[in-house]
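The structure file my_file-v5.tsv is reproduced below (TSV, C-alpha atoms).
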chain	number	residue	atom	x	y	z
Q	1	MET	CA	-25.72	-23.05	15.97
Q	2	ARG	CA	-23.50	-21.75	13.25
Q	3	ILE	CA	-22.77	-18.09	13.75
Q	4	ARG	CA	-22.96	-16.15	10.53
Q	5	PRO	CA	-19.71	-14.44	9.55
Q	6	ILE	CA	-21.29	-11.02	9.41
Q	7	VAL	CA	-22.44	-11.38	13.01
Q	8	MET	CA	-18.94	-12.37	14.05
Q	9	LEU	CA	-17.56	-9.45	12.13
Q	10	ALA	CA	-19.89	-6.99	13.83
Q	11	SER	CA	-19.21	-8.44	17.25
Q	12	LEU	CA	-15.46	-8.29	16.85
Q	13	TYR	CA	-15.61	-4.54	16.56
Q	14	LEU	CA	-17.78	-4.11	19.58
Q	15	ILE	CA	-15.81	-5.83	22.24
Q	16	GLY	CA	-18.21	-6.75	24.97
Q	17	THR	CA	-21.21	-4.82	23.71
Q	18	VAL	CA	-22.60	-7.08	21.06
Q	19	PRO	CA	-26.25	-8.17	21.27
Q	20	ALA	CA	-27.87	-5.19	19.59
Q	21	VAL	CA	-25.67	-5.60	16.53
Q	22	LEU	CA	-26.92	-9.00	15.43
Q	23	ALA	CA	-27.46	-8.24	11.77
Q	24	ALA	CA	-28.11	-11.58	10.14
Q	25	GLU	CA	-27.31	-12.48	6.60
Q	26	THR	CA	-24.28	-12.30	4.38
Q	27	PRO	CA	-23.67	-8.61	3.59
Q	28	THR	CA	-25.02	-7.28	0.31
Q	29	ASP	CA	-22.86	-5.31	-2.14
Q	30	PRO	CA	-24.19	-1.91	-0.96
Q	31	GLN	CA	-23.42	-2.96	2.62
Q	32	ILE	CA	-19.96	-4.26	1.71
Q	33	ALA	CA	-19.19	-1.01	-0.10
Q	34	HIS	CA	-20.21	0.96	2.96
Q	35	ILE	CA	-18.20	-1.22	5.36
Q	36	ALA	CA	-15.04	-0.93	3.23
Q	37	TYR	CA	-15.50	2.81	2.76
Q	38	THR	CA	-16.11	3.35	6.47
Q	39	ALA	CA	-13.02	1.34	7.37
Q	40	GLY	CA	-10.99	3.69	5.15
Q	41	VAL	CA	-12.53	6.87	6.58
Q	42	ILE	CA	-11.78	5.66	10.11
Q	43	ASP	CA	-8.12	5.15	9.31
Q	44	VAL	CA	-7.85	8.59	7.70
Q	45	GLU	CA	-9.36	10.11	10.87
Q	46	ALA	CA	-6.94	8.16	13.05
Q	47	ALA	CA	-4.04	9.40	10.90
Q	48	LYS	CA	-5.21	13.00	11.19
Q	49	GLN	CA	-5.25	12.65	14.96
Q	50	ALA	CA	-1.70	11.29	14.80
Q	51	LEU	CA	-0.57	14.18	12.60
Q	52	ALA	CA	-2.04	16.64	15.10
Q	53	LYS	CA	-0.42	14.98	18.12
Q	54	SER	CA	2.78	13.20	17.14
Q	55	LYS	CA	6.24	14.67	16.64
Q	56	ASN	CA	7.86	11.36	15.72
Q	57	LYS	CA	8.99	11.38	12.07
Q	58	GLU	CA	8.35	7.67	11.46
Q	59	VAL	CA	4.88	7.92	12.94
Q	60	ARG	CA	4.07	11.09	10.99
Q	61	ASP	CA	5.32	9.60	7.71
Q	62	PHE	CA	3.23	6.52	8.31
Q	63	ALA	CA	0.16	8.63	9.11
Q	64	LYS	CA	0.66	10.70	5.95
Q	65	ASN	CA	0.77	7.49	3.91
Q	66	MET	CA	-2.46	6.33	5.54
Q	67	VAL	CA	-4.24	9.56	4.61
Q	68	ARG	CA	-2.97	9.39	1.03
Q	69	ASP	CA	-3.60	5.69	0.40
Q	70	HIS	CA	-6.98	5.37	2.08
Q	71	LYS	CA	-8.22	8.51	0.34
Q	72	ALA	CA	-7.06	7.10	-3.01
Q	73	VAL	CA	-8.71	3.73	-2.43
Q	74	ASN	CA	-11.93	5.34	-1.19
Q	75	ALA	CA	-12.02	7.64	-4.22
Q	76	LYS	CA	-11.86	4.51	-6.38
Q	77	ALA	CA	-14.60	2.90	-4.31
Q	78	LEU	CA	-16.87	5.92	-4.69
Q	79	ALA	CA	-16.25	6.07	-8.43
Q	80	LEU	CA	-17.06	2.38	-8.76
Q	81	ALA	CA	-20.19	2.67	-6.62
Q	82	LYS	CA	-21.35	5.49	-8.88
Q	83	LYS	CA	-20.59	3.53	-12.03
Q	84	LEU	CA	-22.36	0.42	-10.76
Q	85	LYS	CA	-25.18	2.52	-9.31
Q	86	ILE	CA	-24.58	0.97	-5.91
Q	87	LYS	CA	-25.76	3.18	-3.08
Q	88	PRO	CA	-23.51	2.42	-0.11
Q	89	GLU	CA	-25.80	1.36	2.68
Q	90	ASP	CA	-25.17	1.96	6.37
Q	91	ASN	CA	-25.43	-1.24	8.37
Q	92	ASN	CA	-24.69	-2.70	11.77
Q	93	THR	CA	-21.13	-3.61	10.91
Q	94	SER	CA	-20.22	-0.15	9.63
Q	95	LYS	CA	-21.97	1.39	12.64
Q	96	ALA	CA	-20.03	-0.88	14.99
Q	97	LEU	CA	-16.79	0.08	13.24
Q	98	THR	CA	-17.55	3.77	13.69
Q	99	GLU	CA	-18.46	3.31	17.35
Q	100	ALA	CA	-15.29	1.34	18.10
Q	101	ALA	CA	-13.23	3.99	16.34
Q	102	LYS	CA	-14.82	6.74	18.41
Q	103	THR	CA	-13.83	4.92	21.59
Q	104	GLU	CA	-10.30	4.39	20.34
Q	105	ARG	CA	-9.96	8.03	19.33
Q	106	ALA	CA	-11.05	9.18	22.79
Q	107	LYS	CA	-8.56	6.78	24.39
Q	108	LEU	CA	-5.71	8.00	22.19
Q	109	GLY	CA	-6.74	11.60	22.75
Q	110	LYS	CA	-5.69	11.33	26.39
Q	111	LEU	CA	-2.19	10.15	25.57
Q	112	HIS	CA	0.87	12.23	24.68
Q	113	GLY	CA	4.37	11.86	23.29
Q	114	ALA	CA	5.87	8.38	23.11
Q	115	ALA	CA	2.84	6.84	24.84
Q	116	PHE	CA	0.57	8.20	22.11
Q	117	ASP	CA	2.92	7.09	19.32
Q	118	LYS	CA	3.06	3.55	20.62
Q	119	ALA	CA	-0.68	3.29	21.22
Q	120	TYR	CA	-1.48	4.72	17.78
Q	121	ILE	CA	0.87	2.39	15.92
Q	122	ASP	CA	-0.15	-0.65	17.97
Q	123	ASN	CA	-3.75	0.11	17.14
Q	124	GLU	CA	-2.87	0.53	13.46
Q	125	VAL	CA	-1.31	-2.94	13.45
Q	126	ALA	CA	-4.35	-4.45	15.18
Q	127	TYR	CA	-6.86	-2.50	13.08
Q	128	HIS	CA	-5.31	-3.44	9.74
Q	129	LYS	CA	-5.01	-7.04	10.87
Q	130	GLN	CA	-8.70	-7.08	11.74
Q	131	VAL	CA	-9.89	-5.32	8.60
Q	132	ASN	CA	-7.69	-7.51	6.39
Q	133	ASN	CA	-9.06	-10.61	8.04
Q	134	ASP	CA	-12.62	-9.38	7.49
Q	135	LEU	CA	-11.88	-8.57	3.86
Q	136	GLU	CA	-10.43	-12.03	3.31
Q	137	THR	CA	-12.99	-14.07	5.14
Q	138	VAL	CA	-16.25	-12.12	4.79
Q	139	LEU	CA	-16.29	-9.11	2.50
Q	140	ILE	CA	-14.44	-10.46	-0.56
Q	141	PRO	CA	-16.16	-13.86	-0.57
Q	142	SER	CA	-19.56	-12.16	-0.11
Q	143	ALA	CA	-19.17	-9.56	-2.87
Q	144	SER	CA	-21.25	-10.56	-5.87
Q	145	ASN	CA	-20.18	-7.89	-8.37
Q	146	ALA	CA	-16.87	-8.81	-10.01
Q	147	GLU	CA	-15.57	-5.22	-10.14
Q	148	LEU	CA	-16.37	-4.64	-6.48
Q	149	LYS	CA	-14.66	-7.92	-5.58
Q	150	SER	CA	-11.61	-6.91	-7.59
Q	151	LEU	CA	-11.40	-3.49	-5.91
Q	152	LEU	CA	-11.65	-5.15	-2.50
Q	153	GLU	CA	-8.86	-7.53	-3.48
Q	154	THR	CA	-6.64	-4.61	-4.48
Q	155	GLY	CA	-7.58	-2.86	-1.23
Q	156	LEU	CA	-6.58	-5.97	0.70
Q	157	LYS	CA	-3.11	-5.90	-0.89
Q	158	VAL	CA	-2.71	-2.20	-0.07
Q	159	PHE	CA	-3.82	-2.75	3.53
Q	160	GLN	CA	-1.60	-5.81	3.95
Q	161	GLY	CA	1.23	-3.46	2.99
Q	162	HIS	CA	0.07	-1.03	5.67
Q	163	GLU	CA	-0.03	-3.82	8.23
Q	164	GLN	CA	3.61	-4.71	7.52
Q	165	HIS	CA	4.62	-1.05	7.45
Q	166	ALA	CA	2.90	-0.47	10.82
Q	167	GLU	CA	4.70	-3.50	12.25
Q	168	GLN	CA	8.03	-2.05	11.08
Q	169	VAL	CA	7.28	1.31	12.70
Q	170	ALA	CA	6.11	-0.44	15.89
Q	171	ALA	CA	9.38	-2.37	16.05
Q	172	LYS	CA	11.35	0.88	15.80
Q	173	LEU	CA	9.35	2.43	18.63
Q	174	GLN	CA	10.25	-0.35	21.06
F	1	MET	CA	49.03	8.09	-42.87
F	2	VAL	CA	46.01	6.06	-43.78
F	3	SER	CA	46.48	3.18	-41.40
F	4	ARG	CA	46.97	5.49	-38.43
F	5	ARG	CA	43.82	7.45	-39.29
F	6	TYR	CA	41.90	4.20	-39.63
F	7	LEU	CA	43.11	3.18	-36.21
F	8	LEU	CA	41.94	6.45	-34.74
F	9	VAL	CA	38.47	6.08	-36.25
F	10	ALA	CA	38.23	2.50	-35.01
F	11	ALA	CA	39.32	3.53	-31.52
F	12	THR	CA	36.78	6.36	-31.43
F	13	LEU	CA	34.02	4.02	-32.57
F	14	ALA	CA	34.95	1.48	-29.93
F	15	LEU	CA	34.89	4.18	-27.29
F	16	VAL	CA	31.45	5.42	-28.35
F	17	MET	CA	30.05	1.91	-28.42
F	18	SER	CA	31.35	0.94	-25.02
F	19	SER	CA	30.24	4.12	-23.30
F	20	GLY	CA	26.55	4.83	-23.13
F	21	ALA	CA	25.62	3.85	-26.65
F	22	GLN	CA	24.62	0.42	-25.46
F	23	ALA	CA	22.91	1.47	-22.24
F	24	GLU	CA	19.35	0.26	-22.13
F	25	THR	CA	16.19	1.13	-20.29
F	26	ILE	CA	14.49	-1.77	-18.59
F	27	GLN	CA	10.87	-1.30	-17.71
F	28	VAL	CA	9.20	-2.65	-14.60
F	29	THR	CA	5.44	-2.27	-14.32
F	30	ILE	CA	3.77	-1.81	-10.95
F	31	LYS	CA	0.24	-3.11	-10.93
F	32	GLU	CA	-1.94	-4.45	-8.17
F	33	LEU	CA	0.82	-3.98	-5.60
F	34	ALA	CA	3.39	-6.03	-7.48
F	35	PHE	CA	6.58	-5.32	-9.45
F	36	ALA	CA	6.46	-7.09	-12.83
F	37	PRO	CA	8.81	-8.56	-13.73
F	38	ALA	CA	9.89	-8.88	-10.11
F	39	ASP	CA	13.33	-10.12	-11.09
F	40	ILE	CA	15.35	-8.37	-13.80
F	41	HIS	CA	18.86	-8.31	-15.18
F	42	ALA	CA	20.66	-5.05	-15.97
F	43	LYS	CA	24.14	-3.90	-16.87
F	44	VAL	CA	26.00	-1.07	-15.16
F	45	GLY	CA	24.84	2.13	-16.88
F	46	ASP	CA	21.38	0.78	-17.69
F	47	THR	CA	18.29	2.59	-16.47
F	48	VAL	CA	15.47	0.85	-14.67
F	49	LYS	CA	12.17	2.59	-15.25
F	50	TRP	CA	9.17	1.86	-13.02
F	51	VAL	CA	5.71	2.49	-14.42
F	52	ASN	CA	3.14	2.79	-11.63
F	53	MET	CA	-0.34	1.81	-12.81
F	54	ASP	CA	-1.83	1.78	-9.30
F	55	ALA	CA	-3.92	4.50	-7.69
F	56	VAL	CA	-1.52	4.68	-4.75
F	57	ALA	CA	2.09	5.88	-4.63
F	58	HIS	CA	4.88	3.34	-4.43
F	59	SER	CA	8.62	3.39	-4.03
F	60	ALA	CA	11.57	1.31	-5.11
F	61	THR	CA	13.80	1.43	-2.07
F	62	THR	CA	17.07	-0.28	-1.27
F	63	LYS	CA	18.58	-0.49	2.17
F	64	GLY	CA	21.30	2.15	2.32
F	65	GLY	CA	21.11	2.85	-1.41
F	66	TRP	CA	18.81	4.51	-3.89
F	67	ASP	CA	15.22	5.34	-3.06
F	68	VAL	CA	12.86	6.17	-5.89
F	69	THR	CA	9.28	7.36	-5.31
F	70	ILE	CA	6.79	6.60	-8.07
F	71	PRO	CA	3.52	8.59	-7.75
F	72	PRO	CA	0.24	7.01	-8.91
F	73	ASN	CA	0.00	6.70	-12.69
F	74	LYS	CA	3.52	8.10	-13.13
F	75	THR	CA	6.95	6.77	-13.92
F	76	ALA	CA	10.33	7.18	-12.23
F	77	SER	CA	13.73	5.71	-12.90
F	78	ALA	CA	17.17	4.97	-11.53
F	79	VAL	CA	20.51	4.36	-13.26
F	80	MET	CA	22.33	1.22	-12.14
F	81	LYS	CA	25.76	2.45	-11.11
F	82	LYS	CA	27.52	-0.62	-9.84
F	83	ALA	CA	27.42	-4.36	-10.25
F	84	GLY	CA	25.75	-6.54	-7.64
F	85	GLU	CA	22.59	-8.24	-6.46
F	86	ILE	CA	20.03	-5.64	-5.45
F	87	ASN	CA	16.96	-6.38	-3.36
F	88	TYR	CA	14.46	-3.58	-3.26
F	89	HIS	CA	11.01	-3.03	-1.77
F	90	CYS	CA	8.23	-0.46	-1.54
F	91	ARG	CA	8.68	1.75	1.51
F	92	PHE	CA	4.91	2.25	1.83
F	93	HIS	CA	3.94	-1.38	1.23
F	94	PRO	CA	6.82	-3.62	2.34
F	95	ASN	CA	4.93	-6.65	1.00
F	96	MET	CA	6.09	-5.52	-2.47
F	97	THR	CA	9.60	-6.72	-3.30
F	98	GLY	CA	11.82	-6.85	-6.39
F	99	HIS	CA	15.30	-7.96	-7.36
F	100	ILE	CA	17.86	-6.69	-9.88
F	101	THR	CA	21.03	-8.45	-10.91
F	102	VAL	CA	23.46	-5.81	-12.14
F	103	THR	CA	26.50	-7.01	-14.08
F	104	ALA	CA	29.49	-5.22	-15.58
F	105	PRO	CA	28.78	-3.76	-19.03

Show me, as structure tokens, the structure contained in the file I just sent.
Amino acid sequence: MRIRPIVMLASLYLIGTVPAVLAAETPTDPQIAHIAYTAGVIDVEAAKQALAKSKNKEVRDFAKNMVRDHKAVNAKALALAKKLKIKPEDNNTSKALTEAAKTERAKLGKLHGAAFDKAYIDNEVAYHKQVNNDLETVLIPSASNAELKSLLETGLKVFQGHEQHAEQVAAKLQ
Amino acid sequence: MVSRRYLLVAATLALVMSSGAQAETIQVTIKELAFAPADIHAKVGDTVKWVNMDAVAHSATTKGGWDVTIPPNKTASAVMKKAGEINYHCRFHPNMTGHITVTAP
């Protein structure tokens, strides 16, 4: 049986707790918009946690960039959704993303100092890698509106930059 | 004496023309996470001006040299002070890179 990409996407976020999340079809534009927006909100939340906990300048600078960039991209996404009259629609993938983020936040919440810094940055590398892969393989190819597709493509370039930036910070923390 | 005065005028003109009068501003547009053109040629004294058309902030950063931040929908510039091959990148998005060849004026 061929597993639909959206199912794979949902399952990747919920390591080991999948079955309930079996959505089904290729995501619709309102679902894609919600998934992309949620992914941005999650990274802003993670950055805020880092700003509250970390004293490392590199980590803090990175976190500030995440807040600024993801807010800017999400503002664009909201404006586009309004213009296109797309109502972002909650779905199993965005729910799975939020759940996984909650778990990660709780895990990071117990760490301090260098241990927190390393765990936060390592997760940022992994998270951006995952989201970028999903954008490339599922969300962008599935988007039917040209403007939405274009915004996702720009987002992908921004987030690929974040992935590289996170890798640089991770290397310095070693 | 006429010839001496002429010489003085000519020398002054030459000085004006060689210093600053010929300095140019070279524009690099930033759009969709890319510097365009990514590879430019400038002379010492020229200004490179980056025009950021993206919704996110970028920078033009060199290792151990100048570091220019360009806010979204704004411009920022740097004067090329010495000759050489300059590789620069965006500090926030290291996947963005550019190159400037700076030659003597």

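The coordinates place CA of Ala36 (chain Q) at 23.4 Å from CA of Asp61 (chain Q).
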
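Put simply, CA of Gln160 (chain Q) is 19.5 Å away from CA of Ser142 (chain Q).
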
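When only C-alpha atoms are used to compute distances to Ile30 (chain F), the closest of the residues F:Asn73, F:Thr47, F:Thr103, F:Thr62 turns out to be F:Asn73.
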
**Message:** Could you check the closest approach to Asp67 (chain F) for each of F:Thr101, F:Asn95, F:Thr25, F:Asn87 and tell me which residue wins, using only C-alpha atoms?
**Reply:**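 Of the candidates, the smallest distance to Asp67 (chain F) is held by F:Asn87.
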
**Asked** Out of F:Pro71, F:Pro105, F:Gly45, F:Pro37, which residue has the shortest atom-to-atom distance to chain Q when counting all atoms listed in the file?
**Response**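 Selected residue with least distance to chain Q: F:Pro71.
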
**Request:** Mind giving me the straight-line distance from CA of Ala79 (chain Q) to CA of Ala63 (chain Q) in Å, one decimal?
**Result:** 24.2 Å

Please enclose the listed atoms of region 69-73 of chain F in an axis-aligned box, pad each side by 3 Å, and write out the centre and the three edge lengths in Å, rounded to one decimal, as AutoDock Vina command-line options.
--center_x 4.6 --center_y 7.6 --center_z -9.0 --size_x 15.3 --size_y 8.0 --size_z 13.4

**Request:** Give the answer as one residue: which of Q:Lys118, Q:Lys157, Q:Arg60, Q:His34 has the shortest atom-to-atom distance to Lys48 (chain Q), using only C-alpha atoms?
**Result:** Q:Arg60

**Message:** Calculated over all atoms listed in the file, which of the candidates F:His58, F:Arg91, F:His99, F:Lys43 has the smallest distance to Glu24 (chain F)?
**Reply:**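 That would be F:Lys43, the residue with the smallest distance to Glu24 (chain F).
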
**Message:** Distance cut-off 9 Å, counting all atoms listed in the file - which residues of chain F neighbour chain Q? Return them as number ranges by chain.
**Reply:** F: 32-33, 55-57, 90-96

**Asked** Hey, which of F:Val68, F:Ala60, F:Val44, F:Ala23 ends up closest to Lys81 (chain F)? Count only C-alpha atoms.
**Response**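 Checking each of F:Val68, F:Ala60, F:Val44, F:Ala23 against Lys81 (chain F), counting only C-alpha atoms, the winner is F:Val44.
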
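Shell of region 82-86 of chain Q at 9 Å, with all atoms listed in the file counted and residues fewer than 4 places along the chain excluded, is Asp29, Pro30, Ala33, Ala77, Leu78, Asn145, Glu147 and Leu148 of chain Q.
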